[in-house]
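Engineer: Structure file structure38.tsv (TSV, C-alpha atoms) is given on the next line.
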chain	number	residue	atom	x	y	z
O	117	MET	CA	0.00	0.00	0.00
O	118	HIS	CA	1.26	3.47	-0.88
O	119	GLU	CA	1.89	5.97	1.89
O	120	ALA	CA	-0.72	8.72	1.94
O	121	VAL	CA	0.38	12.03	0.47
O	122	SER	CA	-1.03	15.34	1.65
O	123	PHE	CA	-0.52	19.04	1.02
O	124	PRO	CA	-2.13	22.29	2.21
O	125	GLY	CA	-5.74	21.93	3.31
O	126	GLU	CA	-7.65	18.73	2.74
O	127	ALA	CA	-6.02	17.30	-0.38
O	128	LEU	CA	-4.59	13.91	0.55
O	129	GLY	CA	-4.65	10.46	-0.93
O	130	GLN	CA	-2.86	7.19	-1.52
O	131	SER	CA	-4.38	6.03	-4.81
O	132	GLU	CA	-2.15	5.61	-7.86
O	133	THR	CA	-4.16	8.27	-9.71
O	134	PHE	CA	-3.70	10.84	-6.96
O	135	LEU	CA	-0.01	10.05	-6.48
O	136	CYS	CA	0.68	10.47	-10.21
O	137	PHE	CA	-1.09	13.83	-10.19
O	138	SER	CA	0.87	14.95	-7.11
O	139	GLU	CA	4.16	13.88	-8.69
O	140	THR	CA	3.46	15.89	-11.86
O	141	LEU	CA	2.41	18.92	-9.83
O	142	SER	CA	5.55	18.74	-7.69
O	143	ALA	CA	7.71	18.55	-10.81
O	144	VAL	CA	6.30	21.71	-12.38
O	145	ALA	CA	6.06	23.73	-9.14
O	146	PRO	CA	9.68	25.05	-9.20
O	147	VAL	CA	9.44	26.01	-12.89
O	148	GLU	CA	8.70	29.73	-13.25
O	149	ARG	CA	5.90	29.36	-15.80
O	150	PRO	CA	2.10	29.62	-15.75
O	151	VAL	CA	0.10	26.47	-14.99
O	152	LEU	CA	-3.49	25.70	-15.94
O	153	LEU	CA	-5.52	23.47	-13.61
O	154	VAL	CA	-8.52	21.69	-15.15
O	155	GLY	CA	-11.02	19.83	-13.00
O	156	GLU	CA	-14.63	19.29	-12.06
O	157	ARG	CA	-16.26	21.20	-9.22
O	158	GLY	CA	-15.10	20.07	-5.80
O	159	THR	CA	-11.85	18.45	-6.93
O	160	GLY	CA	-9.64	20.92	-5.03
O	161	LYS	CA	-8.25	23.26	-7.67
O	162	GLU	CA	-7.36	26.01	-5.19
O	163	LEU	CA	-5.61	23.50	-2.91
O	164	ALA	CA	-3.54	22.37	-5.88
O	165	ALA	CA	-2.68	26.00	-6.66
O	166	GLN	CA	-1.54	26.49	-3.07
O	167	LYS	CA	0.75	23.49	-3.34
O	168	LEU	CA	2.23	24.87	-6.56
O	169	HIS	CA	2.96	28.10	-4.69
O	170	PHE	CA	4.45	26.55	-1.55
O	171	LEU	CA	6.71	24.19	-3.53
O	172	SER	CA	8.04	27.03	-5.68
O	173	SER	CA	10.80	29.53	-5.00
O	174	ARG	CA	8.00	32.07	-4.34
O	175	TRP	CA	6.78	30.29	-1.22
O	176	GLN	CA	7.71	33.23	1.02
O	177	GLY	CA	5.78	35.64	-1.22
O	178	PRO	CA	2.01	36.21	-1.20
O	179	PHE	CA	-0.53	33.74	-2.54
O	180	VAL	CA	-3.47	35.79	-3.84
O	181	ALA	CA	-6.65	34.11	-5.07
O	182	LEU	CA	-9.47	35.57	-7.14
O	183	ASN	CA	-12.70	33.78	-8.02
O	184	CYS	CA	-13.60	35.30	-11.37
O	185	ALA	CA	-17.16	33.95	-11.11
O	186	ALA	CA	-17.81	36.23	-8.12
O	187	LEU	CA	-17.21	39.47	-10.02
O	188	SER	CA	-19.26	41.31	-12.61
O	189	PRO	CA	-17.46	42.16	-15.88
O	190	THR	CA	-17.43	45.86	-14.94
O	191	LEU	CA	-15.54	45.19	-11.69
O	192	MET	CA	-13.11	42.64	-13.11
O	193	GLU	CA	-10.61	45.11	-14.57
O	194	SER	CA	-10.39	47.24	-11.41
O	195	GLU	CA	-10.10	44.15	-9.20
O	196	LEU	CA	-7.21	42.75	-11.23
O	197	PHE	CA	-5.25	45.88	-12.13
O	198	GLY	CA	-6.32	48.36	-9.45
O	199	HIS	CA	-7.33	51.98	-10.07
O	200	GLU	CA	-6.15	55.51	-9.53
O	201	ALA	CA	-8.00	58.08	-7.47
O	202	GLY	CA	-10.74	59.68	-9.55
O	203	ALA	CA	-10.75	56.88	-12.14
O	204	PHE	CA	-14.52	56.54	-11.74
O	205	THR	CA	-17.30	57.64	-9.41
O	206	GLY	CA	-16.48	56.49	-5.89
O	207	ALA	CA	-12.76	56.00	-6.53
O	208	THR	CA	-11.56	58.43	-3.85
O	209	ARG	CA	-8.07	56.96	-3.55
O	210	ARG	CA	-5.63	54.69	-5.30
O	211	ARG	CA	-6.32	51.00	-4.89
O	212	LEU	CA	-3.93	48.17	-5.73
O	213	GLY	CA	-5.25	45.30	-7.80
O	214	ARG	CA	-4.67	41.59	-7.33
O	215	PHE	CA	-1.63	41.58	-9.64
O	216	GLU	CA	0.19	44.13	-7.50
O	217	MET	CA	-0.93	42.41	-4.29
O	218	ALA	CA	0.62	39.17	-5.61
O	219	ASP	CA	3.95	40.82	-6.55
O	220	SER	CA	6.86	38.36	-5.94
O	221	GLY	CA	4.28	35.61	-5.34
O	222	THR	CA	1.49	33.70	-7.07
O	223	LEU	CA	-1.86	34.88	-8.42
O	224	PHE	CA	-4.53	32.19	-8.63
O	225	LEU	CA	-7.33	32.95	-11.10
O	226	ASP	CA	-10.23	30.55	-10.58
O	227	GLU	CA	-12.97	30.18	-13.23
O	228	ILE	CA	-10.77	31.97	-15.75
O	229	SER	CA	-13.16	31.17	-18.61
O	230	LEU	CA	-15.50	33.88	-17.24
O	231	ILE	CA	-13.03	36.74	-17.74
O	232	PRO	CA	-14.26	39.17	-20.47
O	233	MET	CA	-12.27	39.30	-23.70
O	234	GLU	CA	-11.16	42.91	-23.21
O	235	VAL	CA	-9.72	42.03	-19.80
O	236	GLN	CA	-8.04	38.93	-21.24
O	237	GLU	CA	-6.11	41.23	-23.58
O	238	LYS	CA	-4.70	43.14	-20.58
O	239	ILE	CA	-3.84	39.93	-18.74
O	240	LEU	CA	-1.93	38.79	-21.82
O	241	ARG	CA	0.19	41.95	-21.66
O	242	VAL	CA	1.01	41.28	-18.01
O	243	VAL	CA	2.03	37.71	-18.83
O	244	GLU	CA	4.24	38.81	-21.72
O	245	TYR	CA	5.81	42.01	-20.36
O	246	MET	CA	5.20	41.84	-16.58
O	247	GLU	CA	3.72	45.31	-16.53
O	248	LEU	CA	0.25	46.79	-16.21
O	249	GLU	CA	-1.62	50.07	-16.04
O	250	ARG	CA	-4.13	50.78	-13.30
O	251	VAL	CA	-7.62	51.86	-14.35
O	252	GLY	CA	-7.48	55.62	-14.86
O	253	GLY	CA	-3.67	55.59	-14.91
O	254	SER	CA	-1.14	56.11	-17.69
O	255	GLU	CA	2.12	55.04	-16.07
O	256	PRO	CA	3.19	51.38	-16.45
O	257	VAL	CA	3.63	49.42	-13.22
O	258	GLN	CA	6.13	46.56	-13.11
O	259	VAL	CA	5.05	43.33	-11.39
O	260	ASP	CA	6.65	39.95	-10.84
O	261	VAL	CA	3.82	37.41	-10.63
O	262	ARG	CA	3.37	33.74	-11.45
O	263	ILE	CA	-0.13	33.00	-12.72
O	264	VAL	CA	-1.93	29.77	-11.90
O	265	ALA	CA	-5.36	29.55	-13.55
O	266	ALA	CA	-8.18	27.06	-13.10
O	267	THR	CA	-11.30	26.07	-14.98
O	268	ASN	CA	-13.83	23.30	-15.45
O	269	GLU	CA	-14.52	24.40	-19.03
O	270	ASP	CA	-13.03	23.23	-22.32
O	271	LEU	CA	-10.86	26.28	-23.02
O	272	PRO	CA	-9.59	25.10	-26.45
O	273	SER	CA	-13.21	24.81	-27.61
O	274	LEU	CA	-14.00	28.26	-26.21
O	275	ALA	CA	-10.94	29.65	-27.98
O	276	SER	CA	-11.88	28.06	-31.31
O	277	SER	CA	-15.36	29.61	-31.05
O	278	GLY	CA	-13.93	33.05	-30.25
O	279	ARG	CA	-14.99	33.14	-26.60
O	280	PHE	CA	-11.48	32.89	-25.15
O	281	LYS	CA	-8.32	34.53	-26.41
O	282	LEU	CA	-6.14	31.91	-28.06
O	283	ASP	CA	-2.89	33.83	-27.42
O	284	LEU	CA	-3.70	33.96	-23.70
O	285	LEU	CA	-4.51	30.26	-23.65
O	286	ASP	CA	-1.12	29.54	-25.24
O	287	ARG	CA	0.66	31.61	-22.57
O	288	LEU	CA	-1.21	30.09	-19.63
O	289	SER	CA	-0.84	26.47	-20.69
O	290	PHE	CA	2.88	25.88	-20.24
O	291	GLU	CA	1.64	22.91	-18.24
O	292	VAL	CA	-1.95	21.69	-18.02
O	293	LEU	CA	-2.81	19.53	-15.02
O	294	PHE	CA	-6.07	17.58	-14.87
O	295	LEU	CA	-7.29	17.04	-11.33
O	296	PRO	CA	-8.65	13.50	-10.95
O	297	PRO	CA	-12.33	13.28	-9.93
O	298	LEU	CA	-13.11	11.30	-6.79
O	299	ARG	CA	-14.75	8.50	-8.81
O	300	GLU	CA	-11.27	7.75	-10.21
O	301	ARG	CA	-9.78	7.73	-6.68
O	302	VAL	CA	-11.92	5.07	-5.00
O	303	GLU	CA	-8.97	3.96	-2.86
O	304	ASP	CA	-8.90	7.42	-1.27
O	305	ILE	CA	-12.57	7.61	-0.24
O	306	LEU	CA	-12.27	5.88	3.15
O	307	LEU	CA	-9.00	7.68	3.91
O	308	LEU	CA	-10.68	11.04	3.27
O	309	THR	CA	-13.75	9.90	5.20
O	310	GLN	CA	-11.67	9.23	8.30
O	311	HIS	CA	-9.88	12.55	7.90
O	312	PHE	CA	-13.13	14.53	7.70
O	313	ALA	CA	-14.70	12.51	10.53
O	314	ASN	CA	-11.73	13.21	12.82
O	315	ARG	CA	-11.88	16.92	12.13
O	316	MET	CA	-15.63	17.13	12.64
O	317	ALA	CA	-15.46	15.22	15.93
O	318	LEU	CA	-12.72	17.59	17.12
O	319	GLU	CA	-14.87	20.59	16.15
O	320	LEU	CA	-17.81	19.15	18.08
O	321	GLY	CA	-15.64	18.52	21.15
O	322	ARG	CA	-16.03	14.75	21.00
O	323	PRO	CA	-13.06	12.69	22.23
O	324	ASN	CA	-13.38	10.05	19.51
O	325	PRO	CA	-14.94	10.16	16.04
O	326	PRO	CA	-17.58	7.51	15.28
O	327	LEU	CA	-16.63	4.50	13.18
O	328	PHE	CA	-18.45	3.74	9.94
O	329	SER	CA	-20.28	0.43	9.62
O	330	GLU	CA	-19.38	-1.91	6.78
O	331	GLU	CA	-22.66	-1.09	5.04
O	332	ALA	CA	-22.02	2.65	5.40
O	333	GLU	CA	-18.52	2.23	3.96
O	334	GLN	CA	-19.91	0.27	1.00
O	335	ASP	CA	-22.43	3.04	0.38
O	336	LEU	CA	-19.62	5.59	0.37
O	337	LEU	CA	-17.52	3.48	-2.01
O	338	SER	CA	-20.33	2.79	-4.47
O	339	TYR	CA	-21.65	6.37	-4.69
O	340	GLY	CA	-20.72	8.34	-7.82
O	341	TRP	CA	-19.67	11.60	-6.07
O	342	PRO	CA	-20.68	14.17	-8.70
O	343	GLY	CA	-19.56	16.89	-6.26
O	344	ASN	CA	-16.22	15.14	-5.63
O	345	VAL	CA	-14.19	15.78	-2.45
O	346	ARG	CA	-16.25	18.80	-1.42
O	347	GLU	CA	-19.42	16.68	-1.48
O	348	LEU	CA	-17.71	13.86	0.45
O	349	LYS	CA	-16.68	16.36	3.13
O	350	ASN	CA	-20.27	17.58	3.53
O	351	VAL	CA	-21.71	14.06	3.63
O	352	VAL	CA	-19.21	12.81	6.23
O	353	GLU	CA	-19.47	15.86	8.46
O	354	ARG	CA	-23.27	15.66	8.39
O	355	ALA	CA	-23.14	11.96	9.28
O	356	VAL	CA	-20.78	12.56	12.21
O	357	TYR	CA	-22.78	15.43	13.67
O	358	ARG	CA	-26.05	13.49	13.43
O	359	THR	CA	-24.65	10.29	14.93
O	360	LYS	CA	-24.89	9.91	18.70
O	361	GLU	CA	-23.69	6.31	18.70
O	362	LYS	CA	-20.23	4.83	18.20
O	363	LYS	CA	-20.97	3.85	14.61
O	364	VAL	CA	-22.41	5.63	11.57
O	365	ARG	CA	-24.90	3.21	10.03
O	366	HIS	CA	-26.77	5.46	7.62
O	367	ILE	CA	-25.39	7.83	4.99
O	368	ASP	CA	-27.59	10.70	3.85
O	369	PHE	CA	-26.41	11.73	0.39
O	370	ASN	CA	-29.28	14.11	-0.30
O	371	PRO	CA	-30.19	16.54	2.51
O	372	PHE	CA	-32.88	18.06	0.28
O	373	GLU	CA	-34.98	14.90	0.23
O	374	SER	CA	-38.14	15.74	2.16
O	375	PRO	CA	-39.12	13.36	5.00
O	376	PHE	CA	-42.77	14.06	4.20
O	377	PRO	CA	-44.79	12.30	1.50
O	378	LYS	CA	-45.50	14.18	-1.69
O	379	PRO	CA	-48.96	15.77	-1.89
O	380	SER	CA	-51.61	13.60	-3.47
O	381	PHE	CA	-54.03	14.82	-6.12
O	382	ILE	CA	-56.58	17.18	-4.56
O	383	GLU	CA	-60.03	16.74	-6.05
O	384	THR	CA	-61.91	19.89	-6.96
O	385	LYS	CA	-65.70	20.35	-6.89
O	386	GLU	CA	-65.84	20.58	-10.65
O	387	ARG	CA	-63.63	18.43	-12.77
O	388	ILE	CA	-62.74	19.85	-16.13
O	389	ALA	CA	-62.58	17.26	-18.85
O	390	VAL	CA	-59.31	17.58	-20.72
O	391	PRO	CA	-59.14	15.78	-24.04
O	392	ALA	CA	-56.34	13.26	-24.29
O	393	PRO	CA	-53.44	14.43	-26.44
O	394	PRO	CA	-53.16	12.81	-29.84
O	395	GLU	CA	-50.88	9.83	-29.98
O	396	ALA	CA	-47.36	10.66	-31.01
O	397	PRO	CA	-46.22	9.13	-34.27
O	398	PRO	CA	-44.10	6.05	-33.79
O	399	SER	CA	-40.43	6.94	-33.49
O	400	LEU	CA	-37.70	5.30	-35.47
O	401	PRO	CA	-36.07	2.36	-33.69
O	402	PHE	CA	-32.68	4.14	-33.71
O	403	PRO	CA	-31.57	7.77	-33.90
O	404	GLU	CA	-29.72	8.98	-36.96
O	405	GLY	CA	-26.21	7.70	-37.22
O	406	SER	CA	-24.52	4.32	-36.96
O	407	LEU	CA	-25.71	1.42	-34.82
O	408	LYS	CA	-22.58	1.92	-32.69
O	409	ASP	CA	-23.61	5.52	-31.95
O	410	ALA	CA	-27.14	4.40	-31.12
O	411	VAL	CA	-25.91	1.75	-28.66
O	412	ARG	CA	-23.54	4.23	-27.03
O	413	SER	CA	-26.32	6.80	-26.66
O	414	PHE	CA	-28.66	4.19	-25.15
O	415	GLU	CA	-26.01	3.01	-22.66
O	416	LYS	CA	-25.27	6.59	-21.51
O	417	LYS	CA	-28.97	7.36	-21.06
O	418	ALA	CA	-29.52	4.12	-19.12
O	419	LEU	CA	-26.52	4.84	-16.87
O	420	ASN	CA	-27.61	8.41	-16.14
O	421	GLN	CA	-31.19	7.40	-15.44
O	422	ALA	CA	-30.18	4.55	-13.13
O	423	LEU	CA	-27.74	6.81	-11.23
O	424	ARG	CA	-30.36	9.51	-10.77
O	425	GLN	CA	-32.95	7.00	-9.55
O	426	THR	CA	-30.49	5.59	-6.99
O	427	ARG	CA	-29.07	8.98	-5.97
O	428	PHE	CA	-25.72	8.13	-7.60
O	429	ASN	CA	-25.30	4.89	-5.63
O	430	GLN	CA	-23.38	2.80	-8.15
O	431	LYS	CA	-24.05	-0.51	-6.40
O	432	LYS	CA	-27.81	0.06	-6.46
O	433	ALA	CA	-27.66	1.40	-10.01
O	434	ALA	CA	-25.90	-1.76	-11.15
O	435	LYS	CA	-28.62	-3.88	-9.54
O	436	LEU	CA	-31.32	-1.75	-11.18
O	437	LEU	CA	-29.75	-2.36	-14.59
O	438	GLY	CA	-29.30	-6.08	-13.97
O	439	LEU	CA	-25.50	-5.82	-13.99
O	440	THR	CA	-22.82	-6.92	-11.58
O	441	TYR	CA	-20.98	-4.11	-9.84
O	442	HIS	CA	-17.83	-4.81	-11.89
O	443	GLN	CA	-19.83	-4.79	-15.14
O	444	PHE	CA	-21.38	-1.48	-14.12
O	445	ARG	CA	-17.97	0.04	-13.25
O	446	GLY	CA	-16.60	-0.99	-16.65
O	447	LEU	CA	-19.55	0.62	-18.43
O	448	TYR	CA	-19.31	3.71	-16.22
O	449	ARG	CA	-15.61	4.21	-16.93
O	450	LYS	CA	-16.27	3.73	-20.64
O	451	HIS	CA	-18.69	6.66	-20.78
O	452	ALA	CA	-17.09	8.88	-18.12
O	453	ARG	CA	-14.10	9.68	-20.28
Rewrite the coordinates I just gave you, this time as structure tokens.
Structural biologist:
Amino acid sequence: MHEAVSFPGEALGQSETFLCFSETLSAVAPVERPVLLVGERGTGKELAAQKLHFLSSRWQGPFVALNCAALSPTLMESELFGHEAGAFTGATRRRLGRFEMADSGTLFLDEISLIPMEVQEKILRVVEYMELERVGGSEPVQVDVRIVAATNEDLPSLASSGRFKLDLLDRLSFEVLFLPPLRERVEDILLLTQHFANRMALELGRPNPPLFSEEAEQDLLSYGWPGNVRELKNVVERAVYRTKEKKVRHIDFNPFESPFPKPSFIETKERIAVPAPPEAPPSLPFPEGSLKDAVRSFEKKALNQALRQTRFNQKKAAKLLGLTYHQFRGLYRKHAR
């Protein structure tokens, strides 16, 4: 068994997939070039950016993060490059932007696909010449910043359709690291579960965290984790706080599921007769395209429907489809790529 690897925050694991990712990240960290992190929601992109910073020669400098999804396009430019006093209404004094705040350190730009094109042009200039102009200013300001960007979008496709600047994509992608989703790190699920349980028990002032029953562990291992590590953290912490016994026996994956029955049809005094809709014309046995495409489409639809019906419990979804768990995992991996 591999020794568990961890870095800032809650990113730890011992699976081969996670160890390979960590090794690649550690190799590029000392190289003074931009890095692009690509991953689904909840995979820990900011934690990976922090590790890149702390393993670099800039580790004593600032690590500045900006979530581009949290800003309107009108505020983006001022937030990144700062502004001079009087640049716009309300700008009573000079304000430094994130680039200047990150001078001699690392600037982490999360959700970079949401940056407007006109702002992308200015970021490109900073990357190429290491200088910027504040909003309302005319004097160039020199900065020394390493950019780490993150996204869950397909940036090459956005660039080819004119929604992302291709030159900027070229500059930011010296190295592109794909964060593995939790479904590809099954060996790490119980390790992370114990980690989150220990922390939650400590927060609640309990001397010992509860253990997880074998059935609860199997539920955790067979679930699809669409929200990845962030979702696992929420599920485990909720289970620990709700459990008063020494063992967690039930896992609640969906806190939005109402404990009350759905309302039944309420009869009115007067029923209005609604004519039945005309029968739809019979559909073709297969969609347009090859038989291979039709089979692939059917398999994906069956997988998605079974996962939704079982709240992403892969073991139950396999049973619903009449497959063994290993058959289901093979089919799932086939269509998850």
Engineer: Name the residues, using the chain letters and numbers of the file, that sit within 10 Å of (4.2, 33.3, -15.3) when counting all atoms listed in the file, and give them as a compact mmCIF listing (two decimals) with C-alpha atoms, in the coordinates of the input.
Structural biologist:
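File point-v2.txt, as written:
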# COMPACT_ATOMS: atom_id res chain seq x y z
CA VAL O 147 9.44 26.01 -12.89
CA GLU O 148 8.70 29.73 -13.25
CA ARG O 149 5.90 29.36 -15.80
CA PRO O 150 2.10 29.62 -15.75
CA VAL O 151 0.10 26.47 -14.99
CA THR O 222 1.49 33.70 -7.07
CA LEU O 223 -1.86 34.88 -8.42
CA VAL O 242 1.01 41.28 -18.01
CA VAL O 243 2.03 37.71 -18.83
CA GLU O 244 4.24 38.81 -21.72
CA MET O 246 5.20 41.84 -16.58
CA ASP O 260 6.65 39.95 -10.84
CA VAL O 261 3.82 37.41 -10.63
CA ARG O 262 3.37 33.74 -11.45
CA ILE O 263 -0.13 33.00 -12.72
CA VAL O 264 -1.93 29.77 -11.90
CA ARG O 287 0.66 31.61 -22.57
CA LEU O 288 -1.21 30.09 -19.63
CA PHE O 290 2.88 25.88 -20.24
Engineer: Which protein, DNA or RNA residues are at most 7 Å from (-27.3, 4.1, -1.9) in the file's coordinates when you count only C-alpha atoms, listed as a ChimeraX atom specification?
Structural biologist: /O:335,339,426-427,429,432
Engineer: Provide the CA of Ala145 (chain O) to CA of Phe170 (chain O) distance in Å, to one decimal place.
Structural biologist: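 The value is 8.3 Å.
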Engineer: Could you check the closest approach to Ser138 (chain O) for each of O:Pro371, O:Gly340, O:Pro296, O:Pro377 and tell me which residue wins, using only C-alpha atoms?
Structural biologist: O:Pro296
Engineer: May I ask for the distance between CA of Asp286 (chain O) and CA of Leu212 (chain O), given in Å to one decimal place?
Structural biologist: 27.1 Å
Engineer: Quick check, in Å to one decimal: how far apart do CA of Pro342 (chain O) and CA of Ala164 (chain O) lie?
Structural biologist: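 Taking CA of Pro342 (chain O) and CA of Ala164 (chain O), their separation equals 19.2 Å.
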Engineer: When you count only C-alpha atoms, which of these residues is closest to Leu153 (chain O): O:Glu234, O:Arg174, O:Asn324, O:Thr140?
Structural biologist: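 Nearest to Leu153 (chain O): O:Thr140.
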Engineer: Find the nearest atom pair between each residue of region 288-378 of chain O and region 265-282 of chain O for residues within 12 Å, count only C-alpha atoms, give distances in Å to one decimal, sort rows by chain and ascending number, and present the table as JSON lines.
Structural biologist:
{"residue": "O:Leu288", "atom": "CA", "partner": "O:Ala265", "partner_atom": "CA", "distance": 7.4}
{"residue": "O:Ser289", "atom": "CA", "partner": "O:Ala265", "partner_atom": "CA", "distance": 9.0}
{"residue": "O:Phe290", "atom": "CA", "partner": "O:Ala265", "partner_atom": "CA", "distance": 11.2}
{"residue": "O:Glu291", "atom": "CA", "partner": "O:Ala265", "partner_atom": "CA", "distance": 10.7}
{"residue": "O:Val292", "atom": "CA", "partner": "O:Ala266", "partner_atom": "CA", "distance": 9.6}
{"residue": "O:Leu293", "atom": "CA", "partner": "O:Ala266", "partner_atom": "CA", "distance": 9.4}
{"residue": "O:Phe294", "atom": "CA", "partner": "O:Asn268", "partner_atom": "CA", "distance": 9.7}
{"residue": "O:Leu295", "atom": "CA", "partner": "O:Asn268", "partner_atom": "CA", "distance": 9.9}
{"residue": "O:Pro296", "atom": "CA", "partner": "O:Asn268", "partner_atom": "CA", "distance": 12.0}
{"residue": "O:Pro297", "atom": "CA", "partner": "O:Asn268", "partner_atom": "CA", "distance": 11.5}
